[in-house]
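Pasted below: coords08.cif, mmCIF, C-alpha atoms.
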```
data_coords
#
loop_
_atom_site.label_atom_id
_atom_site.label_comp_id
_atom_site.auth_asym_id
_atom_site.auth_seq_id
_atom_site.Cartn_x
_atom_site.Cartn_y
_atom_site.Cartn_z
CA MET Z 17 -25.53 9.94 28.65
CA THR Z 18 -24.90 7.10 31.05
CA SER Z 19 -23.66 7.27 34.64
CA LEU Z 20 -20.34 5.66 35.60
CA PRO Z 21 -21.80 3.46 38.41
CA ARG Z 22 -23.29 1.37 35.62
CA TYR Z 23 -19.79 0.04 34.93
CA LYS Z 24 -17.59 -2.05 37.20
CA LEU Z 25 -13.86 -1.83 36.53
CA ILE Z 26 -12.03 -5.17 36.27
CA LYS Z 27 -8.43 -4.43 35.24
CA SER Z 28 -6.25 -1.89 33.45
CA LEU Z 29 -5.62 -2.40 29.74
CA GLY Z 30 -3.06 0.39 29.40
CA GLN Z 31 -2.32 3.93 30.47
CA LYS Z 32 -5.91 5.15 30.07
CA SER Z 33 -7.91 2.04 29.15
CA TRP Z 34 -9.88 -0.29 31.41
CA LEU Z 35 -11.74 -3.55 31.04
CA ALA Z 36 -15.14 -3.22 32.70
CA VAL Z 37 -18.51 -4.90 33.03
CA ASP Z 38 -21.64 -3.16 31.81
CA LYS Z 39 -23.96 -4.23 34.64
CA LYS Z 40 -27.07 -3.17 32.77
CA ALA Z 41 -26.29 -4.92 29.47
CA ASN Z 42 -24.38 -7.74 31.22
CA CYS Z 43 -21.40 -7.60 28.86
CA LEU Z 44 -17.75 -6.61 28.81
CA VAL Z 45 -16.79 -3.15 27.61
CA ARG Z 46 -13.62 -1.12 27.24
CA LEU Z 47 -13.47 2.25 28.98
CA GLN Z 48 -11.05 4.97 27.93
CA ILE Z 49 -10.79 7.75 30.51
CA TYR Z 50 -9.34 11.19 29.72
CA ASN Z 51 -8.68 14.33 31.71
CA CYS Z 52 -9.88 17.59 30.19
CA TYR Z 53 -7.60 20.47 31.24
CA SER Z 54 -8.86 23.34 29.08
CA TRP Z 55 -11.75 24.65 27.05
CA ALA Z 56 -9.77 23.90 23.88
CA GLU Z 57 -9.57 20.23 24.85
CA TYR Z 58 -13.29 20.19 25.59
CA HIS Z 59 -14.05 21.51 22.10
CA GLN Z 60 -11.74 18.86 20.70
CA ILE Z 61 -13.80 16.26 22.53
CA GLU Z 62 -16.96 17.61 20.93
CA GLU Z 63 -15.28 17.43 17.52
CA PHE Z 64 -14.24 13.85 18.23
CA LEU Z 65 -17.80 12.81 19.09
CA GLU Z 66 -19.09 14.39 15.89
CA LEU Z 67 -16.43 12.43 14.01
CA CYS Z 68 -17.56 9.16 15.60
CA ASP Z 69 -21.17 9.88 14.66
CA ARG Z 70 -20.41 10.38 10.99
CA LEU Z 71 -17.88 7.56 10.55
CA PRO Z 72 -19.28 4.70 8.43
CA ARG Z 73 -19.18 1.24 9.91
CA ASN Z 74 -15.91 -0.56 9.35
CA LEU Z 75 -14.95 -4.12 10.27
CA HIS Z 76 -11.63 -2.98 11.74
CA LEU Z 77 -12.91 -0.05 13.78
CA VAL Z 78 -14.39 -0.81 17.20
CA ARG Z 79 -17.74 0.89 17.74
CA LEU Z 80 -18.12 3.66 20.29
CA LYS Z 81 -21.16 2.76 22.42
CA ASP Z 82 -21.41 5.73 24.76
CA CYS Z 83 -19.65 8.80 26.11
CA LEU Z 84 -19.81 9.78 29.77
CA LEU Z 85 -19.72 13.56 30.13
CA PRO Z 86 -20.25 15.42 33.41
CA LYS Z 87 -22.99 18.01 33.55
CA GLN Z 88 -20.55 20.89 33.87
CA LYS Z 89 -18.49 21.89 30.85
CA GLY Z 90 -14.94 23.18 30.56
CA SER Z 91 -11.66 22.23 32.17
CA GLY Z 92 -10.83 20.04 35.15
CA ILE Z 93 -13.26 17.23 34.28
CA LYS Z 94 -12.97 13.58 33.24
CA ILE Z 95 -14.34 12.14 30.01
CA CYS Z 96 -15.06 8.42 29.65
CA LEU Z 97 -15.53 6.72 26.29
CA VAL Z 98 -17.33 3.36 26.29
CA PHE Z 99 -16.37 0.95 23.50
CA SER Z 100 -17.38 -2.58 22.67
CA TYR Z 101 -14.80 -5.02 24.02
CA VAL Z 102 -12.81 -7.07 21.51
CA LYS Z 103 -11.09 -10.16 22.87
CA GLY Z 104 -7.44 -10.36 21.93
CA LYS Z 105 -4.04 -8.89 22.70
CA SER Z 106 -2.82 -5.44 21.88
CA LEU Z 107 0.10 -5.07 19.51
CA ALA Z 108 2.13 -3.90 22.49
CA GLU Z 109 1.65 -7.36 24.08
CA VAL Z 110 2.13 -9.57 21.02
CA GLN Z 111 5.62 -10.72 20.01
CA LEU Z 112 6.08 -10.99 16.25
CA ARG Z 113 8.81 -13.38 15.11
CA SER Z 114 9.19 -13.20 11.33
CA GLU Z 115 9.35 -10.79 8.42
CA THR Z 116 6.20 -12.42 7.00
CA GLU Z 117 4.24 -11.37 10.11
CA LEU Z 118 5.64 -7.85 9.82
CA TYR Z 119 4.62 -7.67 6.17
CA GLN Z 120 1.07 -8.80 6.97
CA LEU Z 121 0.83 -6.25 9.80
CA ALA Z 122 2.06 -3.40 7.61
CA ARG Z 123 -0.30 -4.38 4.81
CA SER Z 124 -3.33 -4.49 7.12
CA LEU Z 125 -2.55 -1.15 8.76
CA LEU Z 126 -1.99 0.61 5.45
CA ARG Z 127 -5.26 -0.73 4.05
CA ILE Z 128 -7.12 0.60 7.08
CA LEU Z 129 -5.47 4.01 6.65
CA ILE Z 130 -6.41 4.06 2.97
CA TYR Z 131 -10.06 3.51 3.89
CA PHE Z 132 -10.16 6.47 6.28
CA HIS Z 133 -7.99 8.74 4.15
CA ARG Z 134 -10.47 8.38 1.29
CA LEU Z 135 -13.35 9.72 3.37
CA ILE Z 136 -14.51 13.29 2.82
CA PRO Z 137 -13.23 15.11 4.78
CA ILE Z 138 -10.22 12.86 5.36
CA VAL Z 139 -9.93 11.17 8.76
CA CYS Z 140 -6.47 10.55 10.18
CA LEU Z 141 -6.26 8.05 13.02
CA HIS Z 142 -3.81 7.79 15.86
CA ILE Z 143 -1.88 4.56 15.20
CA SER Z 144 -0.55 3.27 18.51
CA PRO Z 145 0.28 -0.34 19.58
CA GLU Z 146 -1.94 0.02 22.65
CA PHE Z 147 -5.00 0.72 20.47
CA ILE Z 148 -4.34 -2.04 17.90
CA ILE Z 149 -5.95 -5.33 18.94
CA LEU Z 150 -5.05 -8.63 17.29
CA GLY Z 151 -7.82 -11.18 17.84
CA ASP Z 152 -9.16 -14.36 16.28
CA GLY Z 153 -11.26 -12.36 13.83
CA GLY Z 154 -8.36 -10.18 12.65
CA MET Z 155 -7.17 -6.68 13.47
CA HIS Z 156 -9.26 -4.09 15.32
CA LEU Z 157 -8.60 -0.42 16.07
CA TYR Z 158 -9.81 1.64 19.00
CA LEU Z 159 -10.08 5.37 18.44
CA ASP Z 160 -7.88 7.48 20.67
CA LEU Z 161 -9.61 10.68 21.69
CA TYR Z 162 -7.19 13.52 21.03
CA PRO Z 163 -5.10 12.54 17.99
CA ALA Z 164 -8.09 11.26 15.99
CA CYS Z 165 -9.23 14.33 14.08
CA PHE Z 166 -10.08 15.83 10.74
CA LEU Z 167 -7.41 16.41 8.12
CA ARG Z 168 -4.63 18.85 8.84
CA ASP Z 169 -1.64 19.54 6.60
CA GLY Z 170 0.60 16.51 6.22
CA LEU Z 171 -1.37 14.17 8.46
CA PRO Z 172 -1.78 11.31 5.93
CA ALA Z 173 2.01 11.16 5.57
CA ASP Z 174 2.34 11.33 9.35
CA ASN Z 175 0.04 8.30 9.62
CA VAL Z 176 2.31 6.32 7.28
CA ARG Z 177 5.42 7.32 9.21
CA ALA Z 178 3.73 6.20 12.42
CA VAL Z 179 3.21 2.73 10.91
CA VAL Z 180 6.88 2.57 9.89
CA ASP Z 181 7.96 3.63 13.39
CA ILE Z 182 5.82 0.89 14.94
CA LEU Z 183 7.36 -1.74 12.65
CA CYS Z 184 10.90 -0.55 13.35
CA GLY Z 185 10.22 -0.68 17.07
CA ILE Z 186 8.96 -4.27 16.79
CA ILE Z 187 12.05 -5.29 14.78
CA GLU Z 188 14.42 -3.76 17.31
CA GLU Z 189 12.61 -5.14 20.36
CA ASN Z 190 12.27 -8.70 19.03
CA GLN Z 191 15.54 -8.70 17.02
CA ILE Z 192 13.84 -9.90 13.83
CA ARG Z 193 16.01 -10.47 10.77
CA VAL Z 194 14.71 -8.38 7.88
CA SER Z 195 15.58 -8.67 4.20
CA PRO Z 196 17.31 -5.78 2.36
CA GLU Z 197 14.15 -5.30 0.28
CA PHE Z 198 12.03 -4.67 3.36
CA ARG Z 199 14.58 -2.28 4.87
CA LYS Z 200 14.63 -0.37 1.58
CA TRP Z 201 10.85 -0.02 1.82
CA PHE Z 202 11.18 1.55 5.29
CA SER Z 203 13.25 4.46 4.00
CA LEU Z 204 10.97 5.02 1.00
CA ALA Z 205 7.74 4.73 3.04
CA ARG Z 206 8.90 7.57 5.30
CA GLN Z 207 8.88 9.76 2.20
CA SER Z 208 5.45 8.60 0.99
CA LEU Z 209 2.72 11.21 0.76
CA ASN Z 210 -0.11 8.82 1.54
CA ALA Z 211 -0.97 5.23 2.43
CA ASP Z 212 -1.79 4.27 -1.19
CA GLU Z 213 1.75 5.08 -2.26
CA ALA Z 214 3.26 3.25 0.72
CA LEU Z 215 1.14 0.14 0.09
CA TRP Z 216 2.13 0.07 -3.58
CA GLY Z 217 5.79 0.18 -2.58
CA LEU Z 218 5.27 -2.55 0.02
CA GLU Z 219 3.70 -4.90 -2.52
CA HIS Z 220 6.48 -4.14 -5.01
CA PHE Z 221 9.27 -4.95 -2.57
CA GLN Z 222 7.48 -8.09 -1.39
CA GLN Z 223 7.38 -9.37 -4.97
CA GLU Z 224 11.06 -8.48 -5.37
CA ARG Z 225 11.93 -10.35 -2.18
CA LEU Z 226 10.03 -13.46 -3.30
CA CYS Z 227 11.71 -13.39 -6.71
CA ASN Z 228 15.16 -13.12 -5.14
CA ALA Z 229 14.37 -16.01 -2.79
CA LEU Z 230 13.19 -18.12 -5.75
CA VAL Z 231 16.37 -17.40 -7.71
CA GLN Z 232 18.52 -18.39 -4.73
CA SER Z 233 16.53 -21.59 -4.26
CA GLU Z 234 16.92 -22.51 -7.93
CA ALA Z 235 20.66 -21.90 -7.70
CA VAL Z 236 20.99 -24.20 -4.68
CA ASN Z 237 18.91 -26.93 -6.36
CA SER Z 238 21.01 -26.67 -9.52
CA LYS Z 239 24.20 -26.97 -7.48
CA GLU Z 240 22.91 -30.03 -5.64
CA SER Z 241 21.82 -31.73 -8.88
CA ASN Z 242 25.23 -31.14 -10.41
CA LYS Z 243 26.83 -32.96 -7.48
CA ALA Z 244 24.83 -36.08 -8.31
CA ILE Z 245 26.12 -36.25 -11.90
CA VAL Z 246 29.08 -38.62 -12.44
CA PRO Z 247 32.08 -36.55 -13.57
CA TYR Z 248 33.12 -37.12 -17.18
CA SER Z 249 36.74 -37.64 -16.12
CA LEU Z 250 35.71 -40.61 -13.92
CA VAL Z 251 34.03 -42.24 -16.91
CA LEU Z 252 37.26 -41.94 -18.87
CA VAL Z 253 39.27 -43.52 -16.04
CA ILE Z 254 36.92 -46.50 -15.82
CA PHE Z 255 37.02 -46.96 -19.59
CA GLY Z 256 40.80 -46.91 -19.50
CA LEU Z 257 40.94 -49.53 -16.74
CA VAL Z 258 38.64 -51.81 -18.70
CA THR Z 259 40.80 -51.66 -21.81
CA TRP Z 260 44.13 -51.86 -19.92
CA THR Z 261 43.43 -54.69 -17.47
CA SER Z 262 41.85 -58.10 -17.58
CA GLY Z 263 38.33 -58.66 -16.27
CA VAL Z 264 39.44 -59.96 -12.84
CA GLU Z 265 41.99 -57.20 -12.32
CA PHE Z 266 39.42 -54.56 -13.28
CA ILE Z 267 36.84 -55.89 -10.80
CA ALA Z 268 39.44 -55.87 -8.00
CA ILE Z 269 40.47 -52.28 -8.74
CA LEU Z 270 36.84 -51.18 -9.02
CA LEU Z 271 35.96 -52.72 -5.65
CA PHE Z 272 38.95 -50.98 -4.10
CA LEU Z 273 37.72 -47.60 -5.39
CA VAL Z 274 33.98 -47.98 -4.78
CA ALA Z 275 33.77 -50.04 -1.57
CA PRO Z 276 34.41 -47.12 0.87
CA GLY Z 277 31.59 -45.12 -0.72
CA LEU Z 278 29.21 -48.06 -0.51
CA LEU Z 279 29.97 -48.45 3.19
CA VAL Z 280 29.22 -44.77 3.81
CA VAL Z 281 25.91 -44.97 1.91
CA LYS Z 282 24.94 -48.13 3.76
CA SER Z 283 25.69 -46.65 7.18
CA SER Z 284 23.83 -43.41 6.41
CA SER Z 285 20.75 -45.31 5.25
CA LEU Z 286 20.76 -47.33 8.46
CA THR Z 287 21.02 -44.13 10.48
CA LYS Z 288 18.04 -42.57 8.70
CA THR Z 289 15.96 -45.70 9.25
CA SER Z 290 16.67 -45.68 12.97
CA GLU Z 291 15.67 -42.00 13.30
CA PHE Z 292 12.07 -42.55 12.18
CA ASN Z 293 10.04 -45.50 13.34
CA PRO Z 294 6.25 -45.09 13.04
CA LYS Z 295 5.65 -47.78 15.63
CA GLU Z 296 7.60 -45.97 18.36
#
```
Turn the structure described in the file into structure tokens.
Amino acid sequence: MTSLPRYKLIKSLGQKSWLAVDKKANCLVRLQIYNCYSWAEYHQIEEFLELCDRLPRNLHLVRLKDCLLPKQKGSGIKICLVFSYVKGKSLAEVQLRSETELYQLARSLLRILIYFHRLIPIVCLHISPEFIILGDGGMHLYLDLYPACFLRDGLPADNVRAVVDILCGIIEENQIRVSPEFRKWFSLARQSLNADEALWGLEHFQQERLCNALVQSEAVNSKESNKAIVPYSLVLVIFGLVTWTSGVEFIAILLFLVAPGLLVVKSSSLTKTSEFNPKE
């Protein structure tokens, strides 16, 4: 074990997380400090450390480098976990703006859960915005000491519900407009038994949303194209004028009918030209 004087605290990263400098290795680290109030909590800490030792390496999971334990055991002590530092912002700090970003976040979180739920025995992680880091290289998770544990009854479903709660909180806080398909997925995901089932539903509703958007786009394009077609009744009127009047009279009437439209087209084209000038 390593002594705490090796690390110099720089700033707080949350309720129990600190950015620090490892003076020996000359690098940044993340410290997570916990209070141990009972023997039961101390045994849970030992279980957590065993879990970290047996976890396979994963690109999304930040590696635990060290654990600072005092010499005495039991209650009334502090535990410090030393993790590699990942540059980025926590999900609690990032403001998402669109449904597409929400979909990508949900998809990434569910895939991470699937990976850990397929381990033997199953590992259920504590999904909290403070421990989810969004950086240039993607998404990274820090393990939280107490809720990260071996499988108990219903925990995979609890993990999925935690993801849904995080997404709903983001939507409410940032007032993001969400499609009916995505809202339907929220209610069904809360009833999912595992992350595989929730991810399948998410992909299904995403495809449904894209199909509905495509149908609406095609309808708008069809409507716009129909506007450009000359009405059949106008053709009949012009044909009647040609047969009823002389050539000069027809040209005069035609100019009277068409001239206002030509002026509008001419003025609009001049306006568009003035809006974009590459030389300016």
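Interatomic distance, atom CA of Cys52 of chain Z against atom CA of Ile93 of chain Z: 5.3 Å.
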Legend entry - Length of the atom CA of Trp55 of chain Z to atom CA of Gly92 of chain Z vector [Å]: 9.4 Å
Legend entry - Minimum-distance residue to Ser33 of chain Z, chosen among Z:Ile136, Z:Val179, Z:Leu159, Z:Cys68 (using only C-alpha atoms): Z:Leu159
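The closest residue to Leu97 of chain Z, picked from Z:Asp174, Z:Asp181, Z:Glu189, Z:Asp160 and counting only C-alpha atoms, is Z:Asp160.
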Inset, instruction - Figure out the distance between atom CA of Ala173 of chain Z and atom CA of Arg113 of chain Z, please, to one decimal in Å. - result: 27.2 Å
Legend entry - the PyMOL selection byres ((chain Z and resi 172) around 12) resolved against shown file, as a ChimeraX atom specification: /Z:126,129-135,138-143,164-171,173-179,205-214
Legend entry - Long-range neighbours of Lys94 of chain Z as a PyMOL selection string, 9 Å cut-off, all atoms listed in the file, 3 positions minimum in chain: chain Z and resi 49-53+84-86+91
Since we have the selection now, will you write its residues out, keeping C-alpha atoms, as a PDB file, in the frame of the given file?
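Below is the file part.pdb, written as the result:
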```pdb
ATOM      1  CA  ILE Z  49     -10.790   7.750  30.510  1.00  0.00           C
ATOM      2  CA  TYR Z  50      -9.340  11.190  29.720  1.00  0.00           C
ATOM      3  CA  ASN Z  51      -8.680  14.330  31.710  1.00  0.00           C
ATOM      4  CA  CYS Z  52      -9.880  17.590  30.190  1.00  0.00           C
ATOM      5  CA  TYR Z  53      -7.600  20.470  31.240  1.00  0.00           C
ATOM      6  CA  LEU Z  84     -19.810   9.780  29.770  1.00  0.00           C
ATOM      7  CA  LEU Z  85     -19.720  13.560  30.130  1.00  0.00           C
ATOM      8  CA  PRO Z  86     -20.250  15.420  33.410  1.00  0.00           C
ATOM      9  CA  SER Z  91     -11.660  22.230  32.170  1.00  0.00           C
TER      10      SER Z  91
END
```
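With all atoms listed in the file as the atoms that count, the minimum distance from Ser195 of chain Z to the choices Z:Trp216, Z:Tyr158, Z:Tyr119, Z:Phe99 is reached by Z:Tyr119.
Shortest separation to Leu29 of chain Z among Z:Val98, Z:Leu47, Z:Ile192, Z:Ala56 occurs at residue Z:Leu47, atoms counted being all atoms listed in the file.
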Near-Ile26 of chain Z list (8 Å; all atoms listed in the file; drop same-chain fewer than 4 positions) as a PDB file with C-alpha atoms, keeping the file's coordinate frame:
```pdb
ATOM      1  CA  TRP Z  34      -9.880  -0.290  31.410  1.00  0.00           C
ATOM      2  CA  LEU Z  35     -11.740  -3.550  31.040  1.00  0.00           C
ATOM      3  CA  ALA Z  36     -15.140  -3.220  32.700  1.00  0.00           C
ATOM      4  CA  VAL Z  37     -18.510  -4.900  33.030  1.00  0.00           C
TER       5      VAL Z  37
END
```
Inset, instruction - Kindly indicate which residue among Z:Leu77, Z:Pro137, Z:Glu115, Z:Leu67 lies nearest to Arg199 of chain Z, using only C-alpha atoms for the distances. - result: Z:Glu115
